[in-house]
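Q: Here it is: the structure, laid out below.
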Amino acid sequence: MKHCSSIQNGSRQPFPLPDGKTYHVFISYATMEPDRQIAHALFTKLSERNFTCCLHEIEFQAGHLIEDNIKTYMKKSLKTIVLLSENFKNSYWCHIEMTEIVQLHMDNKGFPPIILKLDSCEVPEALMPYTYMLLQAGFDDKMPDIADVINDMEVTEFPGSMLTISFVPLPCINYNQDTPHSPCIWPHVCAKFILSDDGCKDTCTKHHVLNKESLEKLKKCGFPVEKQYSRLSKLYKEKCSKWLKDFPSKTISGPCYYYNDKGCFVADDACPFPHICKDWFAGKCARSNCKFSHDILNQQTKLLLQKFGFNIDHPDDIILWQYREKCQNYLELKTKQNISDVVNSRTSGEDSKTTAGKCVIYLAFVAMSLNCLFNIFNKYVLTYF
């Protein structure tokens, strides 16, 4: 074996397959002899050790393009074995498979290929960065090493092929603010515990452990929930922190909801939401001594506005106007405030109802009058011309 001193002999049970994976290993080989015979013998030996293997001759679906089958079944496989030989190098389809294997690894969506060298062929340039195992004299005595390489999951942290995380759901805001709400996609876990560098106090009543419901939510987003819990929890925290860090470069966010509730627990330089009064931002703050900032250029918000791409040398009112124009949350907050105003006006007394009723009748009368005038114009004026 070349550069494989870290591999230990011995036999272990196959690593449990994560969600989205059907096979422990995809075997890439040329269908010419002796390669094909070796591939089928390897398939048998690994199956006896309870590994689930993918051979294209057995698994590929008829009626599909070969290249599509290659991509589909490689993505269903946790790792790949390459039986490298002159036959492999001369095969068009082996070249396609080799390209896909390397690309998946470079994109952090798969493990490095396990290369078993069958003859004295030169290693293709694409495979030169990887180590290989010589298999010229047969593989019976190599099976423990091959099994250990397949089963070795400590060589890398969760690669993308095991993650395929499509979305990072932050801790539920409504849950953390004790707000009744319908079923949601956000994990019901203490946001301070997950997002704050300082953690959370023992007296906190929120979940500090991802319960079964939250784990299901993470699973739907691509998180490997079958992993050791401590590693999953660490991964979730890291992904949330990265999301917070990257968010200002992707979206112009609205005021921080935690800041506008009991205070934000994320460090000022890490929170991607401005620490300003959300009602003032919507133009509706009626509090005479509001405890939340009405300063669009407070230190935290100023730094965020710079990340958002605003010119902070403009006057405050111009910056606020520009921020409202570009912020996705402004219309939402404004609409909520307007709805609240309408609800309040409906409960203000009978006089307001009477006034509103008169307005509706008047508008209906105007509409009928305009409709009548349009019919007259259509019947006589247009006919005349």
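In the structure tokens, chains take the letters A, B, ... in the order shown, each chain's residues start at 1, and ligands count up from 1 in the order shown.
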Enumerate as a list in words all residues of region 27-230 of chain A assigned to strand (DSSP E) by DSSP on the backbone, naming them with the chain letters and numbers the document uses.
A: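 Restricting region 27-230 of chain A to strand (DSSP E) produces Ile27, Ser28, Cys53, Cys54, Ser77, Leu78, Lys79, Thr80, Ile81, Val82, Leu83, Leu84, Ile114, Ile115, Leu116, Lys117, Tyr132, Met133 and Leu134 of chain A.
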Q: Would you mind exporting the chosen residues as an mmCIF file, in the first residue's frame, restricted to N, CA, C and O atoms?
A:
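What landed in again34.cif:
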```cif
data_model
loop_
_atom_site.group_PDB
_atom_site.id
_atom_site.type_symbol
_atom_site.label_atom_id
_atom_site.label_comp_id
_atom_site.auth_asym_id
_atom_site.auth_seq_id
_atom_site.Cartn_x
_atom_site.Cartn_y
_atom_site.Cartn_z
ATOM 1 N N ILE A 27 -18.321 0.814 -7.103
ATOM 2 C CA ILE A 27 -17.098 0.244 -7.684
ATOM 3 C C ILE A 27 -17.007 0.664 -9.150
ATOM 4 O O ILE A 27 -17.862 0.313 -9.973
ATOM 5 N N SER A 28 -15.983 1.415 -9.459
ATOM 6 C CA SER A 28 -15.755 1.886 -10.825
ATOM 7 C C SER A 28 -14.683 1.016 -11.481
ATOM 8 O O SER A 28 -13.554 0.926 -10.980
ATOM 9 N N CYS A 53 -22.759 -2.803 -1.954
ATOM 10 C CA CYS A 53 -21.938 -2.288 -3.058
ATOM 11 C C CYS A 53 -22.786 -2.046 -4.306
ATOM 12 O O CYS A 53 -23.795 -2.720 -4.534
ATOM 13 N N CYS A 54 -22.342 -1.099 -5.111
ATOM 14 C CA CYS A 54 -23.024 -0.784 -6.365
ATOM 15 C C CYS A 54 -22.126 -1.150 -7.545
ATOM 16 O O CYS A 54 -21.030 -0.593 -7.706
ATOM 17 N N SER A 77 -24.053 6.615 -3.269
ATOM 18 C CA SER A 77 -22.988 5.826 -2.633
ATOM 19 C C SER A 77 -22.163 6.690 -1.695
ATOM 20 O O SER A 77 -21.871 7.849 -1.981
ATOM 21 N N LEU A 78 -21.793 6.106 -0.552
ATOM 22 C CA LEU A 78 -21.018 6.840 0.446
ATOM 23 C C LEU A 78 -19.581 7.058 -0.028
ATOM 24 O O LEU A 78 -19.040 8.150 0.100
ATOM 25 N N LYS A 79 -18.948 6.000 -0.584
ATOM 26 C CA LYS A 79 -17.574 6.102 -1.079
ATOM 27 C C LYS A 79 -17.469 5.424 -2.446
ATOM 28 O O LYS A 79 -18.412 4.775 -2.900
ATOM 29 N N THR A 80 -16.310 5.593 -3.077
ATOM 30 C CA THR A 80 -16.077 4.977 -4.394
ATOM 31 C C THR A 80 -14.752 4.236 -4.396
ATOM 32 O O THR A 80 -13.761 4.684 -3.789
ATOM 33 N N ILE A 81 -14.738 3.088 -5.081
ATOM 34 C CA ILE A 81 -13.513 2.332 -5.311
ATOM 35 C C ILE A 81 -13.207 2.389 -6.805
ATOM 36 O O ILE A 81 -14.086 2.149 -7.632
ATOM 37 N N VAL A 82 -11.981 2.725 -7.120
ATOM 38 C CA VAL A 82 -11.524 2.767 -8.519
ATOM 39 C C VAL A 82 -10.558 1.610 -8.738
ATOM 40 O O VAL A 82 -9.522 1.529 -8.061
ATOM 41 N N LEU A 83 -10.903 0.706 -9.663
ATOM 42 C CA LEU A 83 -9.983 -0.370 -10.046
ATOM 43 C C LEU A 83 -9.156 0.151 -11.221
ATOM 44 O O LEU A 83 -9.548 0.048 -12.381
ATOM 45 N N LEU A 84 -8.012 0.719 -10.894
ATOM 46 C CA LEU A 84 -7.187 1.408 -11.883
ATOM 47 C C LEU A 84 -6.321 0.417 -12.663
ATOM 48 O O LEU A 84 -5.598 -0.392 -12.084
ATOM 49 N N ILE A 114 -11.093 5.572 -3.303
ATOM 50 C CA ILE A 114 -10.220 4.490 -2.831
ATOM 51 C C ILE A 114 -9.671 3.809 -4.088
ATOM 52 O O ILE A 114 -10.409 3.136 -4.808
ATOM 53 N N ILE A 115 -8.402 4.008 -4.379
ATOM 54 C CA ILE A 115 -7.818 3.540 -5.642
ATOM 55 C C ILE A 115 -7.072 2.223 -5.422
ATOM 56 O O ILE A 115 -6.129 2.153 -4.621
ATOM 57 N N LEU A 116 -7.498 1.181 -6.136
ATOM 58 C CA LEU A 116 -6.836 -0.125 -6.112
ATOM 59 C C LEU A 116 -6.172 -0.323 -7.472
ATOM 60 O O LEU A 116 -6.848 -0.452 -8.489
ATOM 61 N N LYS A 117 -4.852 -0.337 -7.497
ATOM 62 C CA LYS A 117 -4.096 -0.387 -8.745
ATOM 63 C C LYS A 117 -3.863 -1.857 -9.141
ATOM 64 O O LYS A 117 -3.230 -2.614 -8.414
ATOM 65 N N TYR A 132 -2.864 5.263 -3.452
ATOM 66 C CA TYR A 132 -3.477 4.044 -3.977
ATOM 67 C C TYR A 132 -2.910 2.824 -3.270
ATOM 68 O O TYR A 132 -1.889 2.875 -2.582
ATOM 69 N N MET A 133 -3.579 1.691 -3.475
ATOM 70 C CA MET A 133 -3.169 0.412 -2.900
ATOM 71 C C MET A 133 -2.871 -0.534 -4.060
ATOM 72 O O MET A 133 -3.679 -0.636 -4.988
ATOM 73 N N LEU A 134 -1.719 -1.183 -4.026
ATOM 74 C CA LEU A 134 -1.364 -2.122 -5.081
ATOM 75 C C LEU A 134 -2.136 -3.430 -4.897
ATOM 76 O O LEU A 134 -2.165 -3.993 -3.804
#
```
Q: Which residues in region 11-196 of chain A does DSSP call alpha helix (DSSP H)? List them as a count of residues only.
A: 69
Q: Point out the residue among A:Glu100, A:Asp148, A:Asp269, A:Asp140 with the least atom-to-atom distance to Leu127 (chain A), counting only C-alpha atoms.
A: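 So, comparing all the options, the nearest one is A:Glu100.
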Q: What gap, in Å, lies between CA of Ser230 (chain A) and CA of Asp198 (chain A)?
A: 17.7 Å
Q: Could you tell me how far CA of Arg36 (chain A) sits from CA of Asn87 (chain A), in Å to one decimal place?
A: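 If I compute the distance from CA of Asn87 (chain A) to CA of Arg36 (chain A), I get 10.1 Å.
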Q: Using only C-alpha atoms, pick whichever of A:Cys327, A:Leu17, A:Leu235, A:Ile66 has the shortest atom-to-atom distance to Ile252 (chain A).
A: A:Cys327
Q: Excluding Asp178 (chain A) and any residue of its chain fewer than 5 positions from it, enumerate the residues within 12 Å of it, using only C-alpha atoms, and give them as a VMD selection string.
A: chain A and resid 172 to 173 188 to 190 205 to 206 261 to 262
Q: May I have the residues within 12 Å of Pro171 (chain A) as a PyMOL selection string, using only C-alpha atoms and disregarding those fewer than 4 positions away in the same chain?
A: chain A and resi 175-177+184-196+206-210+214-215+217-218+236-237+239-241+258
Q: Export, as a tab-separated table (two decimals), in the first residue's frame, the selected residues with N, CA, C and O atoms.
A:
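This is the output file again-v6.tsv:
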```tsv
chain	number	residue	atom	x	y	z
A	175	TYR	N	-40.99	30.50	19.36
A	175	TYR	CA	-40.76	29.63	20.51
A	175	TYR	C	-39.95	30.35	21.58
A	175	TYR	O	-40.27	30.28	22.78
A	176	ASN	N	-38.91	31.05	21.16
A	176	ASN	CA	-38.04	31.73	22.11
A	176	ASN	C	-38.68	32.96	22.74
A	176	ASN	O	-38.22	33.44	23.77
A	177	GLN	N	-39.74	33.49	22.10
A	177	GLN	CA	-40.45	34.65	22.66
A	177	GLN	C	-41.79	34.25	23.26
A	177	GLN	O	-42.62	35.11	23.56
A	184	CYS	N	-44.17	24.94	12.55
A	184	CYS	CA	-43.19	25.65	11.72
A	184	CYS	C	-42.00	24.75	11.40
A	184	CYS	O	-41.91	23.62	11.87
A	185	ILE	N	-41.10	25.28	10.58
A	185	ILE	CA	-39.93	24.52	10.16
A	185	ILE	C	-38.72	24.79	11.05
A	185	ILE	O	-37.65	24.22	10.86
A	186	TRP	N	-38.88	25.69	12.03
A	186	TRP	CA	-37.74	26.12	12.84
A	186	TRP	C	-37.61	25.26	14.10
A	186	TRP	O	-38.59	25.02	14.81
A	187	PRO	N	-36.41	24.81	14.44
A	187	PRO	CA	-36.21	23.99	15.64
A	187	PRO	C	-36.59	24.73	16.92
A	187	PRO	O	-36.26	25.90	17.09
A	188	HIS	N	-37.30	24.05	17.82
A	188	HIS	CA	-37.67	24.63	19.11
A	188	HIS	C	-36.55	24.34	20.10
A	188	HIS	O	-36.60	23.38	20.87
A	189	VAL	N	-35.57	25.21	20.05
A	189	VAL	CA	-34.39	25.07	20.91
A	189	VAL	C	-33.98	26.48	21.33
A	189	VAL	O	-34.25	27.46	20.63
A	190	CYS	N	-33.35	26.59	22.48
A	190	CYS	CA	-32.95	27.90	23.00
A	190	CYS	C	-32.00	28.60	22.03
A	190	CYS	O	-30.90	28.10	21.74
A	191	ALA	N	-32.43	29.76	21.55
A	191	ALA	CA	-31.62	30.49	20.58
A	191	ALA	C	-30.32	30.99	21.20
A	191	ALA	O	-29.27	30.99	20.56
A	192	LYS	N	-30.40	31.41	22.45
A	192	LYS	CA	-29.20	31.91	23.12
A	192	LYS	C	-28.17	30.81	23.27
A	192	LYS	O	-26.97	31.02	23.11
A	193	PHE	N	-28.63	29.60	23.58
A	193	PHE	CA	-27.74	28.46	23.75
A	193	PHE	C	-27.04	28.12	22.43
A	193	PHE	O	-25.86	27.77	22.43
A	194	ILE	N	-27.75	28.25	21.32
A	194	ILE	CA	-27.20	27.90	20.01
A	194	ILE	C	-26.37	29.03	19.42
A	194	ILE	O	-25.29	28.79	18.86
A	195	LEU	N	-26.83	30.27	19.56
A	195	LEU	CA	-26.23	31.38	18.81
A	195	LEU	C	-25.22	32.20	19.60
A	195	LEU	O	-24.38	32.87	19.01
A	196	SER	N	-25.32	32.16	20.92
A	196	SER	CA	-24.44	33.00	21.73
A	196	SER	C	-23.14	32.29	22.07
A	196	SER	O	-23.13	31.10	22.39
A	206	LYS	N	-35.99	26.99	28.26
A	206	LYS	CA	-36.04	26.51	26.87
A	206	LYS	C	-35.19	25.26	26.69
A	206	LYS	O	-34.30	24.97	27.50
A	207	HIS	N	-35.45	24.55	25.61
A	207	HIS	CA	-34.68	23.33	25.33
A	207	HIS	C	-33.22	23.67	25.03
A	207	HIS	O	-32.94	24.52	24.19
A	208	HIS	N	-32.32	23.02	25.71
A	208	HIS	CA	-30.89	23.12	25.38
A	208	HIS	C	-30.43	21.87	24.65
A	208	HIS	O	-29.25	21.73	24.33
A	209	VAL	N	-31.35	20.97	24.40
A	209	VAL	CA	-31.07	19.75	23.66
A	209	VAL	C	-32.07	19.66	22.51
A	209	VAL	O	-33.25	19.99	22.67
A	210	LEU	N	-31.58	19.28	21.35
A	210	LEU	CA	-32.46	19.13	20.19
A	210	LEU	C	-33.37	17.92	20.43
A	210	LEU	O	-32.90	16.78	20.45
A	214	SER	N	-37.29	18.62	16.76
A	214	SER	CA	-36.26	19.47	16.15
A	214	SER	C	-35.31	18.67	15.28
A	214	SER	O	-34.86	19.14	14.23
A	215	LEU	N	-34.98	17.47	15.71
A	215	LEU	CA	-34.11	16.60	14.92
A	215	LEU	C	-34.76	16.27	13.58
A	215	LEU	O	-34.08	16.22	12.54
A	217	LYS	N	-36.79	18.17	11.95
A	217	LYS	CA	-36.71	19.39	11.14
A	217	LYS	C	-35.31	19.53	10.52
A	217	LYS	O	-35.18	19.91	9.35
A	218	LEU	N	-34.29	19.23	11.30
A	218	LEU	CA	-32.92	19.29	10.77
A	218	LEU	C	-32.70	18.21	9.72
A	218	LEU	O	-32.02	18.44	8.71
A	236	TYR	N	-24.47	21.97	14.00
A	236	TYR	CA	-25.61	22.89	13.89
A	236	TYR	C	-25.22	24.29	14.36
A	236	TYR	O	-25.54	25.29	13.72
A	237	LYS	N	-24.49	24.37	15.47
A	237	LYS	CA	-24.04	25.68	15.97
A	237	LYS	C	-23.12	26.35	14.96
A	237	LYS	O	-23.22	27.57	14.71
A	239	LYS	N	-23.00	25.88	11.70
A	239	LYS	CA	-23.76	26.29	10.52
A	239	LYS	C	-24.58	27.55	10.80
A	239	LYS	O	-24.70	28.43	9.95
A	240	CYS	N	-25.15	27.63	12.01
A	240	CYS	CA	-25.92	28.82	12.38
A	240	CYS	C	-25.01	30.05	12.46
A	240	CYS	O	-25.36	31.14	11.99
A	241	SER	N	-23.83	29.87	13.05
A	241	SER	CA	-22.87	30.99	13.15
A	241	SER	C	-22.43	31.46	11.77
A	241	SER	O	-22.32	32.66	11.52
A	258	TYR	N	-35.07	40.01	18.46
A	258	TYR	CA	-34.64	39.74	19.83
A	258	TYR	C	-34.28	41.05	20.53
A	258	TYR	O	-34.61	41.24	21.71
```
